[in-house]
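Step one of this worksheet: look at the structure below.
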Amino acid sequence: MSNVPETLSYTEEHEWITEPSDGVVTVGITAYAADALGDIVYVSLPQEGATVEAGEPCGEAESTKSVSDIYAPVTGEVVAVNGAVEEDPAVINTDPYGEGWLLKIRTDGDGPDLLDAPAYSKLIEEA
């Protein structure tokens, strides 16, 4: 089974999100998604200052197998983008919950209900 950190929240589209710190959350894709994609070779992310809408695509991850949309788990303004993953997307496969984070969003808290770790674990076990 994939690693599912207890301290994060998750979407049904396999993004993870941190608890807000001063209104800012960090977002990435889960180990399950990274494993399913295979070797990620390209990632496209929104620019800093862009507005993203909860549940809507805000980027793409391309692997040797396929291209997958990255969905915004919350509505808000992108305040940081991880340039390291744009330069070396493989870090998403090797450290999806650490150095492989994708973006930081200043949010007003608007967004769909998120899954806790046990609910996300159940989701991927049933997949």
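Naming works like this for the structure tokens: A, B, ... for the chains as they're shown, residue 1 at the start of each chain, ligands 1 onward in shown order.
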
I need the residues of segment 17-104 of chain A that end up classed as helix (DSSP H, G or I) by DSSP on the backbone, written out as a VMD selection string. chain A and resid 31 to 37 83 to 87 90 to 94

Can you tell me which residues surround Asp35 of chain A at a distance of at most 8 Å, considering only C-alpha atoms, apart from same-chain residues fewer than 4 positions away, and format the answer as an MDAnalysis selection string? chainID A and resid 31 39 93

Write out as a PyMOL selection string each polymer residue whose atoms come within 8 Å of segment 111-127 of chain A, counting only C-alpha atoms; drop sequence neighbours fewer than 5 positions from it. chain A and resi 1+4-12+32+54-55+73-75

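The shortest atom-to-atom distance to Pro57 of chain A, with only C-alpha atoms taken into account, belongs to A:Glu13 out of A:Glu13, A:Thr26, A:Asp95, A:Gly83.
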
Members of segment 39-71 of chain A assigned strand (DSSP E or B) by DSSP, as a PyMOL selection string: chain A and resi 40-44+51-52+57-63+67-71

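Between atom CA of Trp101 of chain A and atom CA of Val85 of chain A the interatomic distance comes to 7.8 Å.
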
How many Å separate atom CA of Asp108 of chain A from atom CA of Ala84 of chain A? 26.6 Å

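Between Glu19 of chain A and the candidates A:Val91, A:Ile105, A:Val43, A:Leu37, the tightest atom-to-atom separation, counting only C-alpha atoms, involves A:Ile105.
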
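Residue nearest Gly38 of chain A, chosen from A:Asp88, A:Ile70, A:Thr94, A:Val25 and counting only C-alpha atoms: A:Thr94.
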
Using only C-alpha atoms, the shortest atom-to-atom distance to Leu102 of chain A among A:Thr30, A:Asn82, A:Ser44, A:Asn3 belongs to A:Asn82

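Residue nearest Val78 of chain A, chosen from A:Ala61, A:Ala90, A:Val24, A:Ala34 and counting only C-alpha atoms: A:Val24.
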
12 Å contact set for Glu86 of chain A, only C-alpha atoms, chain neighbours under 6 positions out, as an MDAnalysis selection string: chainID A and resid 40:47 59:62 92 99:103

Would you output that residue set with N, CA and C atoms, as a PDB file, in the first residue's frame?
```
ATOM      1  N   ILE A  40       7.700  10.460 -13.859  1.00  0.00           N
ATOM      2  CA  ILE A  40       7.225  11.773 -14.278  1.00  0.00           C
ATOM      3  C   ILE A  40       8.369  12.501 -14.965  1.00  0.00           C
ATOM      4  N   VAL A  41       8.117  12.958 -16.199  1.00  0.00           N
ATOM      5  CA  VAL A  41       9.170  13.580 -17.003  1.00  0.00           C
ATOM      6  C   VAL A  41       8.922  15.064 -17.255  1.00  0.00           C
ATOM      7  N   TYR A  42       7.700  15.548 -16.977  1.00  0.00           N
ATOM      8  CA  TYR A  42       7.378  16.960 -17.209  1.00  0.00           C
ATOM      9  C   TYR A  42       6.230  17.345 -16.305  1.00  0.00           C
ATOM     10  N   VAL A  43       6.301  18.550 -15.760  1.00  0.00           N
ATOM     11  CA  VAL A  43       5.191  19.079 -14.973  1.00  0.00           C
ATOM     12  C   VAL A  43       4.961  20.526 -15.368  1.00  0.00           C
ATOM     13  N   SER A  44       3.697  20.881 -15.525  1.00  0.00           N
ATOM     14  CA  SER A  44       3.283  22.243 -15.853  1.00  0.00           C
ATOM     15  C   SER A  44       2.464  22.763 -14.683  1.00  0.00           C
ATOM     16  N   LEU A  45       2.889  23.905 -14.115  1.00  0.00           N
ATOM     17  CA  LEU A  45       2.214  24.473 -12.956  1.00  0.00           C
ATOM     18  C   LEU A  45       1.810  25.916 -13.240  1.00  0.00           C
ATOM     19  N   PRO A  46       0.806  26.438 -12.517  1.00  0.00           N
ATOM     20  CA  PRO A  46       0.426  27.835 -12.726  1.00  0.00           C
ATOM     21  C   PRO A  46       1.517  28.777 -12.231  1.00  0.00           C
ATOM     22  N   GLN A  47       1.489  30.004 -12.707  1.00  0.00           N
ATOM     23  CA  GLN A  47       2.471  30.993 -12.270  1.00  0.00           C
ATOM     24  C   GLN A  47       2.067  31.574 -10.927  1.00  0.00           C
ATOM     25  N   GLY A  59      -2.813  22.429 -13.480  1.00  0.00           N
ATOM     26  CA  GLY A  59      -1.530  22.016 -14.021  1.00  0.00           C
ATOM     27  C   GLY A  59      -1.621  20.620 -14.589  1.00  0.00           C
ATOM     28  N   GLU A  60      -0.463  20.130 -15.053  1.00  0.00           N
ATOM     29  CA  GLU A  60      -0.399  18.783 -15.623  1.00  0.00           C
ATOM     30  C   GLU A  60       0.892  18.103 -15.198  1.00  0.00           C
ATOM     31  N   ALA A  61       0.811  16.799 -15.052  1.00  0.00           N
ATOM     32  CA  ALA A  61       1.988  15.962 -14.835  1.00  0.00           C
ATOM     33  C   ALA A  61       2.040  14.970 -15.991  1.00  0.00           C
ATOM     34  N   GLU A  62       3.175  14.931 -16.667  1.00  0.00           N
ATOM     35  CA  GLU A  62       3.341  14.026 -17.802  1.00  0.00           C
ATOM     36  C   GLU A  62       4.381  12.977 -17.433  1.00  0.00           C
ATOM     37  N   ILE A  92       9.182  14.241  -7.788  1.00  0.00           N
ATOM     38  CA  ILE A  92       7.815  13.920  -7.379  1.00  0.00           C
ATOM     39  C   ILE A  92       7.690  12.425  -7.114  1.00  0.00           C
ATOM     40  N   GLU A  99      10.228  17.098  -0.864  1.00  0.00           N
ATOM     41  CA  GLU A  99      10.796  17.963  -1.903  1.00  0.00           C
ATOM     42  C   GLU A  99       9.952  18.013  -3.173  1.00  0.00           C
ATOM     43  N   GLY A 100       9.017  17.070  -3.321  1.00  0.00           N
ATOM     44  CA  GLY A 100       8.177  17.024  -4.515  1.00  0.00           C
ATOM     45  C   GLY A 100       6.885  17.821  -4.416  1.00  0.00           C
ATOM     46  N   TRP A 101       6.777  18.717  -3.418  1.00  0.00           N
ATOM     47  CA  TRP A 101       5.570  19.560  -3.339  1.00  0.00           C
ATOM     48  C   TRP A 101       5.463  20.391  -4.617  1.00  0.00           C
ATOM     49  N   LEU A 102       4.242  20.786  -4.969  1.00  0.00           N
ATOM     50  CA  LEU A 102       4.018  21.479  -6.237  1.00  0.00           C
ATOM     51  C   LEU A 102       3.813  22.975  -6.095  1.00  0.00           C
ATOM     52  N   LEU A 103       2.882  23.377  -5.244  1.00  0.00           N
ATOM     53  CA  LEU A 103       2.590  24.807  -5.130  1.00  0.00           C
ATOM     54  C   LEU A 103       2.021  25.137  -3.767  1.00  0.00           C
TER      55      LEU A 103
END
```

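Considering the residues A:Pro96, A:Arg106, A:Glu87, A:Ala33 and counting only C-alpha atoms, Glu48 of chain A has its shortest atom-to-atom contact with A:Arg106.
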
Computed gap from atom CA of Thr107 of chain A to atom CA of Ala50 of chain A is 12.2 Å
